[in-house]
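Colleague: Take a look at this one; I'll ask things after.
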Amino acid sequence: MTNRELFHATMLGQNGGDLLHFEQGFGVPHKKWRLQGLPAHVDATGNRLGEMETLNDHFNVTGFLGPARCAVNEFRYPPCECSFYKDEGDRITYVNGIGNTIMELSPKAKEGRDDGSNVGGLLHEIDFAIKCRRDYEAVRESFIGNIEARHNEAAVIPQAAALNSQQDFPLHVFVHGPFAFLRALLGTENAMLAPYDDPEWVRMMLRDHLDTMKAVVASLAQHVRYDQSFVWEDCCGRSGPFMSPSVFDESMAWWYREWKDFTKSIGIPWVTLDTDGDPSPLVTRWYENGIDCMLPWEVNAVDMLKFAEAFPKYRMFGGIYKHMFEPCSPTQVGRFNTRDTREAIDQELKRVVEPMRKRGYYFPSLDHGAHYAVNYPDYKYYSEKLLDYGKANRVTRTFKKN
C-alpha cells in the first residue's frame with residue numbers, strides 16, 4: 001500500500017501488521033544535524049512537495065504536508081494591519097492580524113539560533129483586542145463571509161492536481177477547534193471564563209467560526225481530495241483540560257458533531273484532533289462527538305496505553321516518549337533502565353509500539369515532533385528500528401541530489 005492507502009487502512013483497522021510512521025514535525029538543530037551526517041542535499045526546512053528530498057523523505061516518515069495545511073484566514077478578514085511599535089533588538093512587539101498585541105524574538109535574534117524551524121520563537125501575548133461581547137459585535141462582520149478571499153488560492157488550488165496524485169502524504173485541512181478559536185481571540189483565561197459569564201456570546205462566536213469554515217472548506221474540497229480534517233485544539237495542560245466536562249457538553253460538543261457531519265458530507269472521511277497535556281476527562285467525549293483519532297498523547301501527562309486497553313477501537317497517534325533521546329538528562333534518570341540512548345529507544349518502542357501494533361488502529365509517532373535535543377544518528381536509529389515493528393512507509397517520489 002502507499003502511505004495514503006495505509007493511512008485509510010489503519011483508520012479502518014484493516015492494516016494487518018503494517019504500520020504507518022507519522023510525525024508532527026522536525027523542530028531540530030539543522031546545523032548540528034549537518035555536522036552529524038545529515039546529507040547536504042536534504043532540505044531540512046519543511047515537508048513540501050517539490051524536487052528536493054525533505055527530512056520526511058530522508059527518514060521515510062510521513063507527516064503533515066505543508067501546501068495542504070489549507071492556508072485559511074479563520075479570523076478577521078480583511079485582517080488588521082500588522083504594525084510594529086517596539087523593537088528591542090532581540091525582541092519585537094507588534095499588533096497581529098486579529099488585533100492582539102504580541103511579543104516574540106526578532107528575526108535577527110532567530111537567525112542567530114540553531115534551534116530548528118519552530119523553536120525559539122514562541123509568542124508572548126500581551127493584550128487582546130476582544131475582551132467582551134461589545135468588542136466582538138463591533139467587528140463581527142469581519143469574522144464572517146469573504147469565503148473565497150479567506151483561502152490562499154495561490155498556495156493550494158493551483159497545486160491541486162499534484163496534491164491529489166501524490167501518495168506519500170495524507171492530505172489534511174486544518175482548522176482551529178472551538179477552544180483554540182476562543183483562545184486566539186480572547187486569551188486562555190478569558191476563553192475559560194466566557195462560557196460561564198456569557199454562554200450565548202460564546203455560541204455566537206463559535207457559530208460564526210463554524211459556518212465560515214464550512215463554506216471555506218467546501219470551496220477547497222471541490223479541488224483537493226482531503227484525507228482528513230485536522231482540528232488543532234490544544235486545550236489541555238499537564239494537570240488536565242482548561243474546561244470542565246460540563247462546559248464541554250454545553251458549549252463545545254455541538255461544534256464537533258456539526259463539523260464531523262459536514263466533513264463527512266463533502267467526502268472528508270476522518271477528523272483528527274490535536275491537544276497536548278492530559279485530555280483524560282474529555283477523551284471519551286471527543287470520540288463520542290465526532291473525533292476519529294487523537295494525538296499526541298504526551299507521556300509526561302497521560303497514559304495512552306490505558307485508554308488503548310479500555311477502548312480497543314479508539315484510533316490513536318503518538319504516545320512514544322520524545323525524551324527517550326536524552327535518557328542521561330537529570331529529568332529522565334530513573335525512567336529507563338539505561339543511560340544509553342539506543343537502549344532507551346529500544347525500551348520505549350517495546351513498551352508502546354509492540355502492544356499497539358497487536359491492538360491496531362495506531363500510528364507510531366513521538367508524543368510531539370522531533371525536538372532540538374535529538375541527535376541525527378539517534379533519530380535515524382529510531383526511524384529504522386520501527387521497521388522491526390512493521391513500519392511499512394513507502395516514499396514514491398524521486399528527487400534531485402543537488
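Residues are named by chain letter and number: chains run A, B, ... in the order of the C-alpha cells, numbers start at 1 in each chain, and ligands are numbered from 1 in the order shown.
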When you look at range 207-219 of chain A with a cut-off of 9 Å (counting only C-alpha atoms), what residues show up, excluding the ones that are within fewer than 6 positions of it in the same chain? I need them as an MDAnalysis selection string.
Modeller: chainID A and resid 70 72 74:75 140 143:148 150:151 173 175 178 181 255 258:259 262:263 266
Colleague: Which residues are close to Tyr382 in chain A, i.e. within 12 Å by only C-alpha atoms, leaving aside same-chain residues fewer than 6 positions away? Reply as an mmCIF file with C-alpha atoms, in the first residue's frame.
Modeller:
```cif
data_model
loop_
_atom_site.group_PDB
_atom_site.id
_atom_site.type_symbol
_atom_site.label_atom_id
_atom_site.label_comp_id
_atom_site.auth_asym_id
_atom_site.auth_seq_id
_atom_site.Cartn_x
_atom_site.Cartn_y
_atom_site.Cartn_z
ATOM 1 C CA HIS A 21 5.180 6.009 10.762
ATOM 2 C CA PHE A 59 13.728 9.112 7.115
ATOM 3 C CA ASN A 60 10.839 7.513 5.202
ATOM 4 C CA VAL A 61 8.264 9.019 7.560
ATOM 5 C CA ILE A 320 6.228 7.426 22.057
ATOM 6 C CA TYR A 321 8.175 9.414 24.636
ATOM 7 C CA LYS A 322 10.098 12.147 22.829
ATOM 8 C CA MET A 324 13.813 8.854 25.171
ATOM 9 C CA PHE A 325 16.532 10.548 23.108
ATOM 10 C CA THR A 341 20.161 6.396 24.143
ATOM 11 C CA ARG A 342 19.834 3.430 21.799
ATOM 12 C CA GLU A 343 18.796 1.139 24.638
ATOM 13 C CA ALA A 344 16.279 3.719 25.826
ATOM 14 C CA ILE A 345 14.790 3.846 22.326
ATOM 15 C CA ASP A 346 14.576 0.043 22.280
ATOM 16 C CA GLN A 347 12.801 0.024 25.636
ATOM 17 C CA GLU A 348 10.290 2.683 24.606
ATOM 18 C CA LEU A 349 9.385 1.041 21.293
ATOM 19 C CA LYS A 350 8.894 -2.274 23.045
ATOM 20 C CA VAL A 353 4.666 0.024 19.693
ATOM 21 C CA PRO A 364 3.587 5.196 15.671
ATOM 22 C CA SER A 365 4.798 8.707 16.398
ATOM 23 C CA LEU A 366 6.638 10.701 19.011
ATOM 24 C CA ALA A 370 11.346 15.663 16.989
ATOM 25 C CA VAL A 374 17.544 15.000 19.383
ATOM 26 C CA ASN A 375 20.720 13.952 17.601
ATOM 27 C CA TYR A 376 20.610 12.949 13.942
ATOM 28 C CA ASP A 388 11.311 -4.280 13.166
ATOM 29 C CA TYR A 389 7.773 -3.427 14.331
ATOM 30 C CA LYS A 391 6.859 0.070 9.609
#
```
Colleague: With only C-alpha atoms as the counted atoms, please give the residues lying no more than 8 Å from Pro327 in chain A, apart from itself and same-chain residues fewer than 3 positions off, as a compact mmCIF listing (two decimals) with N, CA and C atoms, in the first residue's frame.
Modeller:
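Done, and the output landed in result-v5.txt:
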```txt
# COMPACT_ATOMS: atom_id res chain seq x y z
N HIS A 323 11.37 12.23 24.93
CA HIS A 323 12.59 12.41 25.71
C HIS A 323 13.38 11.12 25.88
N MET A 324 13.00 10.07 25.16
CA MET A 324 13.81 8.85 25.17
C MET A 324 15.18 9.12 24.53
N GLN A 332 15.19 12.64 33.32
CA GLN A 332 14.81 11.32 32.81
C GLN A 332 15.43 10.16 33.56
N VAL A 333 16.41 10.43 34.40
CA VAL A 333 17.07 9.36 35.15
C VAL A 333 16.05 8.63 36.00
N ARG A 335 13.65 6.77 34.66
CA ARG A 335 12.54 6.36 33.78
C ARG A 335 12.94 5.15 32.94
N PHE A 336 14.20 5.11 32.53
CA PHE A 336 14.70 4.00 31.72
C PHE A 336 15.69 3.17 32.54
N THR A 338 18.49 2.32 31.64
CA THR A 338 19.77 2.54 30.97
C THR A 338 20.01 4.02 30.83
N ARG A 339 21.25 4.39 30.64
CA ARG A 339 21.60 5.77 30.30
C ARG A 339 22.09 5.84 28.86
N ASP A 340 21.96 4.72 28.13
CA ASP A 340 22.35 4.65 26.73
C ASP A 340 21.14 4.98 25.85
N THR A 341 21.29 5.93 24.93
CA THR A 341 20.16 6.40 24.14
C THR A 341 19.55 5.29 23.30
N ALA A 344 17.51 3.04 25.41
CA ALA A 344 16.28 3.72 25.83
C ALA A 344 15.24 3.70 24.70
```
Colleague: Here is a test: counting only C-alpha atoms, which residue of A:Pro296, A:Gly390, A:Gly177, A:Pro281 is nearest to Met252 in chain A?
Modeller: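 Among the listed residues, A:Gly177 lies closest to Met252 in chain A.
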Colleague: Might you pull out every residue within 6 Å of Asp90 in chain A, with only C-alpha atoms counted and same-chain residues fewer than 2 positions away left off, and present them as a VMD selection string?
Modeller: chain A and resid 88 105 to 106 109
Colleague: Produce a file of the selected residues containing N, CA and C atoms, as an mmCIF file, in the first residue's frame.
Modeller:
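Saved the output as result07.cif:
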```cif
data_model
loop_
_atom_site.group_PDB
_atom_site.id
_atom_site.type_symbol
_atom_site.label_atom_id
_atom_site.label_comp_id
_atom_site.auth_asym_id
_atom_site.auth_seq_id
_atom_site.Cartn_x
_atom_site.Cartn_y
_atom_site.Cartn_z
ATOM 1 N N GLU A 88 13.255 45.963 20.351
ATOM 2 C CA GLU A 88 14.247 45.999 21.415
ATOM 3 C C GLU A 88 15.491 45.190 21.065
ATOM 4 N N LEU A 105 10.636 36.819 19.614
ATOM 5 C CA LEU A 105 12.011 37.068 19.208
ATOM 6 C C LEU A 105 12.027 37.786 17.866
ATOM 7 N N SER A 106 12.966 38.679 17.692
ATOM 8 C CA SER A 106 13.102 39.392 16.430
ATOM 9 C C SER A 106 13.691 38.462 15.372
ATOM 10 N N ALA A 109 17.332 37.919 15.954
ATOM 11 C CA ALA A 109 17.654 37.007 17.055
ATOM 12 C C ALA A 109 17.437 35.556 16.639
#
```
Colleague: Find the residue from A:Gly89, A:Gly16, A:Pro199, A:Gly63 that sits nearest to Gly369 in chain A; use only C-alpha atoms when measuring.
Modeller: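 Answer, going by the shortest atom-to-atom distance: A:Gly63.
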Colleague: Find the spatial neighbours of Gly13 in chain A, counting only C-alpha atoms, within a cut-off of 8 Å - ignore same-chain residues fewer than 3 positions away - and output them as a PyMOL selection string.
Modeller: chain A and resi 9-10+16+360-361
Colleague: Those residues you just picked out, can you put them in a file as a tab-separated table (two decimals), in the first residue's frame with N, CA and C atoms?
Modeller:
```
chain	number	residue	atom	x	y	z
A	9	ALA	N	-6.34	2.49	5.63
A	9	ALA	CA	-6.45	1.12	6.12
A	9	ALA	C	-6.29	1.07	7.64
A	10	THR	N	-5.38	1.89	8.17
A	10	THR	CA	-5.19	1.93	9.62
A	10	THR	C	-6.41	2.50	10.32
A	16	GLY	N	-3.59	-4.85	9.01
A	16	GLY	CA	-2.83	-6.02	9.42
A	16	GLY	C	-1.71	-5.62	10.37
A	360	GLY	N	-3.88	-2.58	17.01
A	360	GLY	CA	-4.36	-1.94	15.79
A	360	GLY	C	-4.85	-0.53	16.01
A	361	TYR	N	-5.32	0.08	14.91
A	361	TYR	CA	-5.82	1.47	14.94
A	361	TYR	C	-4.77	2.44	15.48
```
Colleague: With only C-alpha atoms as the atoms that count, which of A:Ala129, A:Val352, A:Val202, A:Leu387 lies nearest to Gly17 in chain A?
Modeller: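 Selected residue with least distance to Gly17 in chain A: A:Leu387.
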Colleague: Would you mind telling me which residue in A:Leu186, A:Ala392, A:Ala221, A:Cys80 lies nearest to Asn96 in chain A when using only C-alpha atoms?
Modeller: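 The answer is A:Cys80, which sits nearest to Asn96 in chain A.
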Colleague: For Pro241 in chain A, which residue out of A:Leu49, A:Val302, A:Glu288, A:Leu220 is the nearest one, using only C-alpha atoms?
Modeller: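 Closest residue, counting only C-alpha atoms: A:Val302.
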Colleague: Which residue is closest to Trp254 in chain A? Choose from A:Arg285, A:Lys306, A:Arg238, A:Arg359 and count only C-alpha atoms.
Modeller: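 Among the listed residues, the smallest separation from Trp254 in chain A belongs to A:Arg285.
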Colleague: How far is it from CA of Glu137 in chain A to CA of Glu125 in chain A, in Å with one decimal?
Modeller: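 Answer for the CA of Glu137 in chain A to CA of Glu125 in chain A separation: 22.1 Å.
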Colleague: Might you pull out every residue within 8 Å of Leu182 in chain A, with only C-alpha atoms counted and same-chain residues fewer than 4 positions away left off, and present them as a list in words?
Modeller: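 Near Leu182 in chain A, the qualifying residues are Pro178, Leu186, Gly187, Thr188, Ala191, Met205 and Leu206 of chain A.
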Colleague: Could you pull out the alpha helix (DSSP H) residues of range 93-209 of chain A from DSSP and send them as a PyMOL selection string?
Modeller: chain A and resi 107-111+133-139+147-150+160-165+178-186+188-197+199-209
